[in-house]
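Scroll down for the structure; my scribbles are underneath it.
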Amino acid sequence: MNIQRVKQLSIIAFLAIAASCKKDDDQPNIPQPIINEPESITSVELHFTAQDGSSTFHADWDDPDGLGGDEPTIESIVLDSGMTYDVEVSFLDRSSGTSEDLTSEIEEEAAEHIVCYSLDASTENVLEIVSTDSDGTYGVGLNSEWQTKDIGSGNLSLTLKHQPDGIKDGTCDPGETDVEVIFPISIQ
Amino acid sequence: MKYIFMLVLIALAPDFLAQETCVFTLTGTVKDEHDDSVLPFSEIRLLNTPIGTVANENGGFVIRNLCTSQFKAVISHIGCDPDTISFSLEGDTALTFYLEHHAELLKALTIEAKQPHKDIASRVELNERDLASNSGEGLADLLDDLQGMQMLNTGSNISKPVIHGMHSNRLVIMSDNTKLQGQQWGSEHAPELDPMSVQRLEVVQGASSLRYGTEAMAGAVIAHSADITKERKLNGSLQTGFSTNGQKGLASVALQGALLKKAPLFFRVQGSAINAGDLKAPDYYLLNTGKKEWNGSGRLLWKGENFGIDIQYKLLSTELGILSYSHIGNLSDLEKAINSAEPLNPSDSFSRTMNSPRQAVQHELTSARAYWKANLRNELQLNVSRQYNKRQEFDRSIFSDLQVADLQYEITTYQADIQYEDRIRSNYKYEIGIASETQANTYTGRFFIPNFRNYTVGLFTIHHLNFGAWELEGGVRYDYKWQEAFMYRQNELYSPIRTFDGISSNIGVSREWKKWVAMFNAGRAWRSPSINELYSEGLHHGVAAVEFGVETLDEERMTSATVAISGNAIELFGIAMDVNATAYAYYINNYIYLLPTLPSTLTIRGAFPTFNYTSTDAFFRGLDANVRIMPHKNLDVIFGAEIVRASDPNSEADLVFIPPNRFDGRVNFSFWKKKPATHQIGVSVAYTARQNRVPDGVDYAPSPNDFILFGGEISGDFIIFNKRPHYSFRVENALNASYRSYLNRLRYYADEPGQNFILTLKIPF
C-alpha cells in the first residue's frame with residue numbers, strides 16, 4: 001500500500017473526527033423547568049360507589065410536585081359498616097399542572113401490573129377487599145369490591161407493582177414498586 | 001513556616017566550583033536496548049553540571065568542552081524511564097547508551113530514586129506491558145492492582161479509582177496535560193478515559209500533585225499517551241481481547257509515524273471498540289450488565305529541538321447497562337432484596353440486550369500543548385483544552401421503555417495553563433505555573449444537580465533541590481473559584497453565587513543510603529464542595545435514598561503527612577528483594593459526607609430514607625507495603641498489604657465506605673527468558689477482609705464477608721520480523737467463588753462476577 005496515501009487518509013480521519021466537535025445548546029443561566037420522570041404518577045384516587053346506590057365519593061392521595069417541595073395531601077377513607085362498595089382506582093400525573101390519567105396504560109399492560117391492598121391489624125378483620133377485574137389469569141386490582149363488617153379505624157396501604165417479563169404470579173411479592181401509599185381509614 | 005523554609009531552599013542553592021580548562025568532546029548515540037534501534041530526540045544531561053543536550057533524529061549527540069572527570073549522565077526519552085549511566089572522561093570519547101524501553105513486568109511500587117530532581121512522593125505506575133496484558137479493563141480496574149489503590153464500584157462495569165480511601169472529588173485524573181472533567185462527583189460516574197489510548201498510567205502524590213489543582217487531595221492519576229516519536233516510519237499496533245464472562249470482545253487499532261521526511265512531525269490515529277453482554281455470577285447471570293463502547297483519538301505532534309506543539313483529540317462514547325435487580329421502587333423493595341440471598345428474579349441465560357436502567361456517556365477532549373525550550377535548562381509550556389461531556393441516565397419507567405433520558409447533564413470545560421520550568425543549577429530547579437478553568441453545566445429531565453457556571457484560577461510554584469544523597473522538594477499553590485448555580489425554588493429562578501479560595505502547600509525530603517531511600521512528605525490541601533454537595537435534591541436510584549445538598553457548606557481542608565521507605569535489590573539472608581512501605585495520615589477539617597436525617601421523605605412510592613450532606617472532621621491513616629523476593633533470577637514472589645482506617649475524631653465514629661484490609665501474594669516464574677523476549681507464568685491470591693469498622697445507621701446492610709480470590713496468568717512476547725507481539729492469557733476468580741465487595745454500591749442485590757478467562761493479544765506492525 002502506498003504509505004503516503006495511508007498517512008493522508010489518517011490525517012483526514014483525524015480532522016474529520018476532530019471537526020465533529022459537540023456542543024451544548026442549553027444556557028446554564030436559563031434552567032429548564034423541573035420535569036419529573038416522564039409519565040410519573042403523582043396522584044392516586046379511590047372512587048367509591050355503594051352497591052345499594054346510597055352514596056358515591058372519592059379519597060385522594062396527591063403530590064403534584066413530586067419529591068421534595070410541598071408535602072403530599074392525603075385524604076381519609078370513611079366508610080359505613082355493613083356495606084359493600086365498588087371501588088375503582090385511578091393513577092394520575094398532575095406534575096405539569098394538568099391531570100393526565102395513566103390508568104388506561106396500566107389496563108393495557110394489565111398482565112405486568114397488580115394493585116394490592118393491605119390492612120393493618122386494627123382493620124384487617126373489619127374490611128374485606130377482593131379484586132373484581134382480571135388480566136385473563138390473575139386479578140389486577142384496578143376494580144375491587146370492599147365489604148365492611150364492623151366498625152374500626154387504622155391504615156390501608158395501596159401498592160402498585162410493575163411485574164414485567166412474566167414474573168406476575170398473582171401476589172404482590174415480585175417486581176418493582178411503582179406506587180406505595182397509605183390512606184387512613186375508618187369504618188363507622 | 002513552610003514558606004520560610006521555601007525561601008531557605010532557594011537561598012541555599014550552591015554555586016559551582018571554578019572549573020579547569022575543558023577541551024574534550026563526548027559523542028554518543030542513544031539506542032533501544034532490545035532491538036538496537038535508535039531513540040531520536042532523547043535528552044542527555046550530565047549530573048552535577050549545567051550541561052545537557054538533545055539527541056538528533058538518529059539518536060546521535062555531541063557535547064563539547066568537557067573537562068577530565070567522572071560523569072554521571074541521565075538519559076531520558078519520552079515515554080520511558082530515565083536511566084543513569086556513569087563513565088569517566090579522559091579524552092575525546094564516543095559512547096553508545098542503551099535505554100531499557102520496556103520496564104519491569106511488575107506492578108510494584110517504584111520510587112524513582114535513581115534520578116535527580118525526582119518528585120519526593122510515593123509514585124506508582126503501570127507500564128505499556130501491564131496495560132497490554134490487561135487491555136479491556138477499565139481505568140479503575142487497572143489501577144486497583146497498584147499499591148495503595150482500590151476501587152469503588154457500582155455494579156460490575158462502573159468503577160472509580162480510590163487512593164488511600166479517597167475518590168471522586170478528592171482525586172484528579174489527568175489525560176496527559178488536561179484535567180479530566182465530567183460529572184466526577186457521582187460515585188456511579190466512571191472516569192471517561194479509554195485505557196487503550198494510554199501507554200502508561202502513573203499515580204502522583206506529594207508536591208508534584210500541586211500542579212494538578214485543588215482536587216488532588218489524595219493524589220493524581222496521570223494517563224500518558226504513547227510516545228509516537230520513537231519510530232519515523234509508518235507503524236502501528238492491533239490489540240484484541242476476549243473474555244468468557246460477559247463474552248466481552250474488544251479491539252483497538254493504532255497507526256502512527258512521521259508525516260514528513262526530515263521534519264519532526266508525527267501523527268497517530270487510534271480507535272477501539274468494546275462489546276460485552278451480561279456478566280455471570282457463579283450462580284446466575286447479572287441481568288443487564290452489558291457494555292458497548294467506541295473510542296477514537298487522533299494526535300499531531302511537532303517535536304522540534306526547541307519548540308514543539310502537540311494537538312490531541314479524544315472521543316469516548318459508552319453505553320452501560322446497570323444491574324436490573326438494583327433498580328428498585330422503594331425501601332420495601334430494597335429490604336426485600338437485602339433479605340434475599342439471591343436476586344428475586346435471577347436470570348439463567350446470557351443476553352447482550354441492554355435495557356433501562358442504563359447510562360450513555362460521551363466525552364470529547366480536544367487539547368493543544370506547546371512548549372518552547374530556549375536552551376536545555378528551561379522550558380515554557382502552554383496547554384489549552386476543551387472538554388464536552390454528555391451523560392444520559394435512563395431509569396426503568398413504569399410503562400413501556402421510553403427512549404428519552406430521564407436525566408441528562410451536559411458539561412463543557414475549558415482549561416488554559418502556562419508552566420515554566422527552569423533548571424537554574426545542576427542541583428536546583430523550579431517550576432511556576434498559572435492554571436485557569438471555566439465550566440458550564442446544564443441538565444434536562446429530572447432534577448438532581450442544578451445548572452452552573454464557574455471560573456477557577458490557580459498559581460503555583462514547585463522547587464526541587466538536591467545535596468548528594470538528600471533531595472528536597474517544596475511547593476505552594478493558591479486557587480480561587482467563583483461559581484454561580486441556577487435553579488428554580490418555588491417556581492422562582494434562584495441563582496446563588498459562592499466563592500472559594502485557599503492555599504495548598506507541600507514539602508518533602510528524601511535521603512538515599514546505598515540501596516535504601518527514606519522519604520517524608522507533609523502538606524496542606526483543600527477542595528471546594530462539589531455541586532451535588534451544595535445543591536443536589538433528588539432520589540438516588542439503586543440506593544433508595546433521597547439526597548439533599550446543603551448550600552452553606554465550606555471548603556474541605558486537609559493536613560497530611562506521609563513516610564515511606566524503600567529498598568531496591570537489597571539482600572537479606574542471601575536473597576535479593578525489593579521492599580516498599582508507606583504510612584500516611586490525613587486530617588481533614590470540614591470533611592463532607594452524607595448524614596442520615598429524619599424525617600424520611602414521603603413520596604408516592606412510599607417513604608425514603610433521607611440523607612443530607614454535612615461536614616465534620618475526618619482522620620484517615622493507613623499503611624501500604626509490598627515486598628518482592630527474588631530467590632532465583634527467574635522467580636519473583638510478591639506480597640502486598642493495604643490497610644486504611646478513617647474515622648470522625650469528634651464522635652469517634654468510623655466513616656462509611658472505606659476500603660477493607662487487603663493482603664495479596666503473587667508468584668511469577670519467567671521462562672524462555674531469551675532476551676529481549678520473555679514469557680512468564682504466575683499465580684496470585686488476594687484476601688480481602690470483612691470491613692468491621694462501619695458507622696451505625698448509615699448503611700442498609702451489614703458488611704459482606706471476607707473473601708479470597710485466586711488468579712493466574714501466562715504472558716509473554718515473541719520476536720517476529722523485528723517486532724514484539726505480546727500475548728496474555730489470564731483467569732480471574734479462578735475458583736468461581738461467590739462473594740460481594742464492600743466497595744460495590746450494588747452489593748445489596750447480587751454477587752460479584754464469577755470465573756473469567758481472558759485472552760489478549762497485542763500485535764505491533
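So you can find residues: chains in the C-alpha cells are A, B, ... in the order shown, residues in each start at 1, and ligands are numbered from 1 in order.
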
Residues of chain B within 7 Å of chain A, counting only C-alpha atoms, what are they? List them as a ChimeraX atom specification. /B:259,269,298,313,328-330,333,388,398,406,410,440-442,444-447,451-453,486-487,538,603-606

Item checked: Which of region 651-764 of chain B DSSP labels strand (DSSP E), written as number ranges by chain -> B: 662-671, 679-688, 707-717, 726-732, 756-764

Exercise. Contacts of region 138-141 of chain A at 7 Å or less, counting only C-alpha atoms, minus same-chain residues fewer than 5 places along, as a list in words?
Worked result: Ala110, His113, Ile114, Val115, Cys116, Ser131, Thr132, Asp133 and Gly170 of chain A

Set the distance at 7 Å and use only C-alpha atoms: which residues neighbour Arg386 (chain B) once local chain neighbours fewer than 6 positions away are removed? I'd like the list as a PyMOL selection string. chain B and resi 365-367+413-415

Take the selection from the previous step and output its residues with C-alpha atoms, as an mmCIF file, in the first residue's frame.
data_model
loop_
_atom_site.group_PDB
_atom_site.id
_atom_site.type_symbol
_atom_site.label_atom_id
_atom_site.label_comp_id
_atom_site.auth_asym_id
_atom_site.auth_seq_id
_atom_site.Cartn_x
_atom_site.Cartn_y
_atom_site.Cartn_z
ATOM 1 C CA LEU B 365 -11.472 16.120 24.660
ATOM 2 C CA THR B 366 -9.564 18.470 22.398
ATOM 3 C CA SER B 367 -6.237 19.754 23.610
ATOM 4 C CA THR B 413 -14.963 22.689 30.357
ATOM 5 C CA TYR B 414 -12.239 24.974 29.037
ATOM 6 C CA GLN B 415 -8.768 24.947 30.561
#

* Distance query region 187-195 of chain B at most 8 Å, only C-alpha atoms, self and fewer than 6 positions along chain excluded, as a list in words -> Leu131, Ser135, Gly136, Glu137, Gly138, Leu139, Leu152, Asn153, Thr154, Ile158, Ser159, Lys160, Ser168, Ile173, Ser175, Leu180, Asn295, Leu316 and His363 of chain B
